[in-house]
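See below for the structure under consideration.
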Amino acid sequence: VESLICKETPDRWHCHFGGIGVDRYFFGDKNDEIYEYGKLIYQENKLVGYALVYLEDYKYNIWLLSDWREQIVEIVPQIESLFKKGQSIRTVCNDNLVKEQLIELGYVSDGEETFSASIDINNYRTEEVQWDLEVIRIISEQDIDERVKYSSLPTGSMITKDRFEKYLNTDDAKHVLDFVVVDKVAGNLMGYYSWWLDIESNTAILNPVACINVHRRKGISTRAIQYGLNILKERGFHYAYVDTSANNEAAIGLYSSVGFKKCIDVIAYSKVIR
């Protein structure tokens, strides 16, 4: 479903296969929790979208194929029924048509939630990337301990070595360019950058992005992202996405500097279930 959504409007930011993957493998306690909070949405016996419903956090996200977005007023109440009456719930939305219908259903805007941006790789000018004291490469076994040690940098959520190794052995991980930047001499981890590739829509999402504190302000993240964009262009990908919290000025400045452009307002909405 997510691949089809990305195909329909590739130039606009989407949750993407990679967004679901990060949610699945790097949050919560175990990878199979997605089978509890992930819901497929059917209308007239057709698969029309999906929802991620986090009951304990009182929030959900819903993504629909374009032909079914006008029926949000029929679909959202089904999701709301999963919550208890009296609860204040939240959702986010990046579609103007859906926003109007959420307001019709009694939702109130809480303001912009994330900075969501895309880059047209077809028109991206390849940048020559110079590495002097660092090396960038795909993650290997020797990097795992430090990758796990610093796993909470971008998300605030720690993961175990066992869980990360299980992720590396999944089919999903076969479609991820998991880059690490290491010190050329000592081999210590300096940052990591993962591109999730959807070959069905020729789109990619960059998540997570992390540079260890002592190595920041050295241009490492800029060069790492440019390096990744060069590879995506070589492989024929059309668009790439990034997102971060709307008040993360450092990340917004980084992404904008390499060519990502904000493409839509992602607004948070809330409502008390009656």
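Going through the structure tokens in order, the chains are called A, B, and so on, while each chain numbers its residues from 1 and the ligands are numbered from 1 in the order shown.
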| field | All strand (DSSP E) positions in segment 32-64 of chain A, as a count of residues only | value | 21
Any chance you could tabulate, as CSV, the residues of segment 131-166 of chain A at most 10 Å from segment 215-238 of chain A with each one's nearest atom pair and distance in Å to one decimal, using only C-alpha atoms, in chain and rising number order?
```
residue,atom,partner,partner_atom,distance
A:Trp131,CA,A:Arg223,CA,8.2
A:Glu134,CA,A:Ile220,CA,8.5
A:Val135,CA,A:Ala224,CA,9.8
A:Ile136,CA,A:Ala224,CA,7.4
A:Arg137,CA,A:Ala224,CA,9.9
```
Go ahead and save the residues from that selection, with C-alpha atoms, as a tab-separated table (two decimals), in the first residue's frame.
```tsv
chain	number	residue	atom	x	y	z
A	131	TRP	CA	36.82	12.18	2.91
A	134	GLU	CA	36.92	9.52	7.84
A	135	VAL	CA	35.69	6.54	5.84
A	136	ILE	CA	32.07	5.86	4.83
A	137	ARG	CA	30.97	2.28	4.20
```
| query | Between A:Ile264, A:Val73, A:Val272, A:Ala204, which one has atoms that come closest to Gly86 of chain A, using only C-alpha atoms? | reply |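 Looking at the shortest contact to Gly86 of chain A, the residue is A:Val272.
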| message | I'd like the contact shell of segment 5-8 of chain A - 6 Å cut-off, only C-alpha atoms, skipping same-chain residues fewer than 2 positions apart - returned as a count of residues only. | response | 5
| field | Residue nearest Val76 of chain A among A:Thr114, A:Gln101, A:Ser256, A:Asn96 (counting only C-alpha atoms) | value |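 Between A:Thr114, A:Gln101, A:Ser256, A:Asn96, the residue approaching Val76 of chain A most closely is A:Gln101.
Nearest to Gly18 of chain A of all the residues A:Asn213, A:Thr203, A:Thr160, A:Gln87 is A:Thr203, counting only C-alpha atoms.
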Counting only C-alpha atoms, which residues in segment 105-149 of chain A sit no more than 8 Å from segment 185-193 of chain A? For each one, give the nearest pair of atoms and the distance in Å, sorted by chain then residue number, as JSON lines.
```
{"residue": "A:Leu133", "atom": "CA", "partner": "A:Val185", "partner_atom": "CA", "distance": 7.6}
{"residue": "A:Asp143", "atom": "CA", "partner": "A:Leu189", "partner_atom": "CA", "distance": 7.2}
{"residue": "A:Glu146", "atom": "CA", "partner": "A:Leu189", "partner_atom": "CA", "distance": 6.5}
{"residue": "A:Arg147", "atom": "CA", "partner": "A:Leu189", "partner_atom": "CA", "distance": 7.5}
```
| Which distance in Å separates atom CA of Asn207 of chain A and atom CA of Ile89 of chain A, to one decimal? | 25.9 Å
| message | Rounded to one decimal, what separation in Å do you get between atom CA of Ile252 of chain A and atom CA of Asn94 of chain A? | response |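 A separation of 17.8 Å between them.
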| message | Please compute the atom CA of Lys85 of chain A-atom CA of Glu44 of chain A distance, one decimal, in Å. | response |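 Those two atoms sit 27.5 Å apart.
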| request: Excluding Tyr42 of chain A and any residue of its chain fewer than 6 positions from it, enumerate the residues within 12 Å of it, using only C-alpha atoms, and give them as a PyMOL selection string. | output: chain A and resi 1+48-51+64-65+68+71+74-75+78
Save out the residues we just selected, N, CA, C and O atoms, as an mmCIF file, in the first residue's frame.
```cif
data_model
loop_
_atom_site.group_PDB
_atom_site.id
_atom_site.type_symbol
_atom_site.label_atom_id
_atom_site.label_comp_id
_atom_site.auth_asym_id
_atom_site.auth_seq_id
_atom_site.Cartn_x
_atom_site.Cartn_y
_atom_site.Cartn_z
ATOM 1 N N VAL A 1 0.835 -1.199 0.000
ATOM 2 C CA VAL A 1 0.000 0.000 0.000
ATOM 3 C C VAL A 1 0.874 1.255 0.000
ATOM 4 O O VAL A 1 0.643 2.194 -0.755
ATOM 5 N N VAL A 48 -7.539 -0.485 0.897
ATOM 6 C CA VAL A 48 -7.477 0.921 0.494
ATOM 7 C C VAL A 48 -6.468 1.731 1.297
ATOM 8 O O VAL A 48 -6.226 2.896 0.999
ATOM 9 N N GLY A 49 -5.870 1.130 2.340
ATOM 10 C CA GLY A 49 -4.915 1.864 3.141
ATOM 11 C C GLY A 49 -4.526 1.095 4.383
ATOM 12 O O GLY A 49 -4.806 -0.103 4.508
ATOM 13 N N TYR A 50 -3.879 1.782 5.297
ATOM 14 C CA TYR A 50 -3.500 1.150 6.557
ATOM 15 C C TYR A 50 -3.423 2.213 7.644
ATOM 16 O O TYR A 50 -3.377 3.417 7.367
ATOM 17 N N ALA A 51 -3.438 1.749 8.877
ATOM 18 C CA ALA A 51 -3.320 2.648 10.023
ATOM 19 C C ALA A 51 -2.354 2.047 11.020
ATOM 20 O O ALA A 51 -2.249 0.825 11.149
ATOM 21 N N LEU A 64 -4.074 6.514 3.173
ATOM 22 C CA LEU A 64 -5.039 5.960 2.232
ATOM 23 C C LEU A 64 -4.603 6.203 0.792
ATOM 24 O O LEU A 64 -3.981 7.219 0.478
ATOM 25 N N LEU A 65 -4.991 5.272 -0.089
ATOM 26 C CA LEU A 65 -4.812 5.494 -1.515
ATOM 27 C C LEU A 65 -5.695 6.653 -1.948
ATOM 28 O O LEU A 65 -6.755 6.909 -1.357
ATOM 29 N N TRP A 68 -9.557 6.917 -2.189
ATOM 30 C CA TRP A 68 -10.360 6.671 -0.987
ATOM 31 C C TRP A 68 -10.210 7.767 0.065
ATOM 32 O O TRP A 68 -10.808 7.684 1.141
ATOM 33 N N GLN A 71 -13.302 9.405 1.559
ATOM 34 C CA GLN A 71 -14.151 8.633 2.458
ATOM 35 C C GLN A 71 -13.584 8.552 3.869
ATOM 36 O O GLN A 71 -13.926 7.671 4.643
ATOM 37 N N GLU A 74 -15.874 8.124 6.809
ATOM 38 C CA GLU A 74 -16.411 6.790 7.075
ATOM 39 C C GLU A 74 -15.364 5.892 7.727
ATOM 40 O O GLU A 74 -15.700 5.006 8.521
ATOM 41 N N ILE A 75 -14.101 6.136 7.428
ATOM 42 C CA ILE A 75 -13.030 5.247 7.889
ATOM 43 C C ILE A 75 -12.548 5.608 9.293
ATOM 44 O O ILE A 75 -12.351 4.728 10.137
ATOM 45 N N GLN A 78 -14.112 4.163 12.513
ATOM 46 C CA GLN A 78 -13.770 2.765 12.788
ATOM 47 C C GLN A 78 -12.500 2.690 13.638
ATOM 48 O O GLN A 78 -12.387 1.848 14.535
#
```
| Distance query Ile267 of chain A at most 8 Å, only C-alpha atoms, self and fewer than 4 positions along chain excluded, as a list in words |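 Contacts, in chain order: Val92, Cys93, Asn94, Ser109, Asp110, Gly111, Glu112, Glu113 and Thr114 of chain A.
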Given only C-alpha atoms, how would the per-residue table for segment 120-239 of chain A near segment 259-263 of chain A read, listing every residue at most 12 Å away with its closest atom pair and distance in Å to one decimal, sorted by chain and number, as a Markdown table?
```
| residue | atom | partner | partner_atom | distance |
| --- | --- | --- | --- | --- |
| A:Asp120 | CA | A:Phe260 | CA | 8.2 |
| A:Ile121 | CA | A:Gly259 | CA | 9.5 |
| A:Asn123 | CA | A:Gly259 | CA | 10.2 |
| A:Tyr124 | CA | A:Gly259 | CA | 7.8 |
| A:Arg125 | CA | A:Gly259 | CA | 9.5 |
| A:Thr126 | CA | A:Gly259 | CA | 11.1 |
| A:Glu127 | CA | A:Gly259 | CA | 11.2 |
| A:Ile205 | CA | A:Phe260 | CA | 11.6 |
| A:Leu206 | CA | A:Phe260 | CA | 11.2 |
| A:Thr222 | CA | A:Gly259 | CA | 10.6 |
| A:Ile225 | CA | A:Gly259 | CA | 10.2 |
| A:Gln226 | CA | A:Gly259 | CA | 9.4 |
| A:Leu229 | CA | A:Gly259 | CA | 10.0 |
| A:Tyr239 | CA | A:Phe260 | CA | 10.0 |
```
Writer output for current selection, all heavy atoms, as a tab-separated table (two decimals), in the first residue's frame:
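File written: part.tsv
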```tsv
chain	number	residue	atom	x	y	z
A	120	ASP	N	14.08	15.97	-5.57
A	120	ASP	CA	13.95	15.39	-6.90
A	120	ASP	C	15.35	14.94	-7.34
A	120	ASP	O	16.17	15.75	-7.75
A	120	ASP	CB	13.38	16.44	-7.86
A	120	ASP	CG	13.18	15.90	-9.27
A	120	ASP	OD1	13.64	14.77	-9.55
A	120	ASP	OD2	12.58	16.61	-10.09
A	121	ILE	N	15.59	13.64	-7.25
A	121	ILE	CA	16.93	13.12	-7.55
A	121	ILE	C	17.23	13.22	-9.04
A	121	ILE	O	18.39	13.34	-9.45
A	121	ILE	CB	17.06	11.66	-7.06
A	121	ILE	CG1	16.80	11.62	-5.55
A	121	ILE	CG2	18.44	11.10	-7.37
A	121	ILE	CD1	16.80	10.22	-4.97
A	123	ASN	N	16.85	15.69	-10.86
A	123	ASN	CA	17.46	17.00	-11.11
A	123	ASN	C	18.57	17.32	-10.11
A	123	ASN	O	19.06	18.45	-10.07
A	123	ASN	CB	16.39	18.09	-11.05
A	123	ASN	CG	15.38	17.95	-12.18
A	123	ASN	OD1	15.75	17.67	-13.32
A	123	ASN	ND2	14.10	18.13	-11.86
A	124	TYR	N	18.94	16.33	-9.32
A	124	TYR	CA	20.00	16.55	-8.33
A	124	TYR	C	21.36	16.52	-9.02
A	124	TYR	O	21.65	15.61	-9.80
A	124	TYR	CB	19.94	15.47	-7.25
A	124	TYR	CG	21.10	15.49	-6.28
A	124	TYR	CD1	21.21	16.49	-5.33
A	124	TYR	CD2	22.10	14.51	-6.31
A	124	TYR	CE1	22.26	16.53	-4.42
A	124	TYR	CE2	23.15	14.53	-5.41
A	124	TYR	CZ	23.23	15.54	-4.47
A	124	TYR	OH	24.28	15.56	-3.59
A	125	ARG	N	22.16	17.51	-8.74
A	125	ARG	CA	23.50	17.56	-9.33
A	125	ARG	C	24.47	16.83	-8.41
A	125	ARG	O	24.67	17.19	-7.26
A	125	ARG	CB	23.96	19.01	-9.50
A	125	ARG	CG	25.29	19.14	-10.26
A	125	ARG	CD	25.67	20.58	-10.44
A	125	ARG	NE	25.99	21.22	-9.16
A	125	ARG	CZ	26.36	22.48	-9.02
A	125	ARG	NH1	26.41	23.27	-10.08
A	125	ARG	NH2	26.64	22.97	-7.83
A	126	THR	N	25.06	15.78	-8.93
A	126	THR	CA	25.96	14.95	-8.14
A	126	THR	C	27.11	15.80	-7.59
A	126	THR	O	27.73	16.59	-8.31
A	126	THR	CB	26.54	13.80	-9.00
A	126	THR	OG1	25.46	13.02	-9.51
A	126	THR	CG2	27.44	12.92	-8.16
A	127	GLU	N	27.36	15.62	-6.29
A	127	GLU	CA	28.43	16.35	-5.62
A	127	GLU	C	29.62	15.42	-5.38
A	127	GLU	O	29.46	14.29	-4.94
A	127	GLU	CB	27.94	16.90	-4.27
A	127	GLU	CG	26.80	17.90	-4.37
A	127	GLU	CD	27.26	19.26	-4.82
A	127	GLU	OE1	28.48	19.49	-4.85
A	127	GLU	OE2	26.39	20.11	-5.14
A	205	ILE	N	13.80	6.84	1.63
A	205	ILE	CA	13.68	7.72	2.78
A	205	ILE	C	14.95	7.59	3.63
A	205	ILE	O	15.48	6.49	3.78
A	205	ILE	CB	12.42	7.41	3.61
A	205	ILE	CG1	12.13	8.55	4.60
A	205	ILE	CG2	12.53	6.09	4.34
A	205	ILE	CD1	10.75	8.47	5.24
A	206	LEU	N	15.42	8.72	4.14
A	206	LEU	CA	16.63	8.75	4.97
A	206	LEU	C	16.22	8.75	6.43
A	206	LEU	O	15.66	9.73	6.93
A	206	LEU	CB	17.44	10.00	4.65
A	206	LEU	CG	18.70	10.26	5.50
A	206	LEU	CD1	19.69	9.10	5.38
A	206	LEU	CD2	19.35	11.57	5.10
A	222	THR	N	26.65	16.30	6.27
A	222	THR	CA	26.45	16.86	4.93
A	222	THR	C	27.07	15.95	3.88
A	222	THR	O	26.44	15.60	2.87
A	222	THR	CB	27.08	18.26	4.84
A	222	THR	OG1	26.42	19.12	5.77
A	222	THR	CG2	26.93	18.83	3.43
A	225	ILE	N	25.22	12.50	3.54
A	225	ILE	CA	23.95	12.58	2.81
A	225	ILE	C	24.21	12.79	1.32
A	225	ILE	O	23.56	12.17	0.47
A	225	ILE	CB	23.07	13.70	3.39
A	225	ILE	CG1	22.66	13.35	4.83
A	225	ILE	CG2	21.82	13.90	2.54
A	225	ILE	CD1	21.94	14.46	5.56
A	226	GLN	N	25.16	13.65	0.99
A	226	GLN	CA	25.51	13.84	-0.42
A	226	GLN	C	26.00	12.53	-1.04
A	226	GLN	O	25.65	12.20	-2.18
A	226	GLN	CB	26.58	14.92	-0.56
A	226	GLN	CG	26.08	16.32	-0.24
A	226	GLN	CD	27.20	17.34	-0.21
A	226	GLN	OE1	28.36	17.01	0.06
A	226	GLN	NE2	26.87	18.60	-0.47
A	229	LEU	N	22.96	10.41	-1.71
A	229	LEU	CA	22.19	10.91	-2.86
A	229	LEU	C	22.88	10.58	-4.18
A	229	LEU	O	22.22	10.27	-5.18
A	229	LEU	CB	21.99	12.42	-2.73
A	229	LEU	CG	21.01	12.87	-1.65
A	229	LEU	CD1	21.08	14.39	-1.46
A	229	LEU	CD2	19.58	12.45	-1.99
A	239	TYR	N	12.95	10.06	-6.23
A	239	TYR	CA	12.73	10.98	-5.13
A	239	TYR	C	13.22	10.37	-3.83
A	239	TYR	O	13.24	9.15	-3.66
A	239	TYR	CB	11.24	11.34	-4.98
A	239	TYR	CG	10.74	12.29	-6.02
A	239	TYR	CD1	10.23	11.81	-7.23
A	239	TYR	CD2	10.79	13.67	-5.83
A	239	TYR	CE1	9.78	12.67	-8.22
A	239	TYR	CE2	10.34	14.55	-6.81
A	239	TYR	CZ	9.83	14.04	-7.99
A	239	TYR	OH	9.39	14.91	-8.97
```
| Residue nearest Val180 of chain A - candidates A:Asp95, A:Glu141, A:Glu33, A:Asp11, atoms counted: only C-alpha atoms | A:Glu141
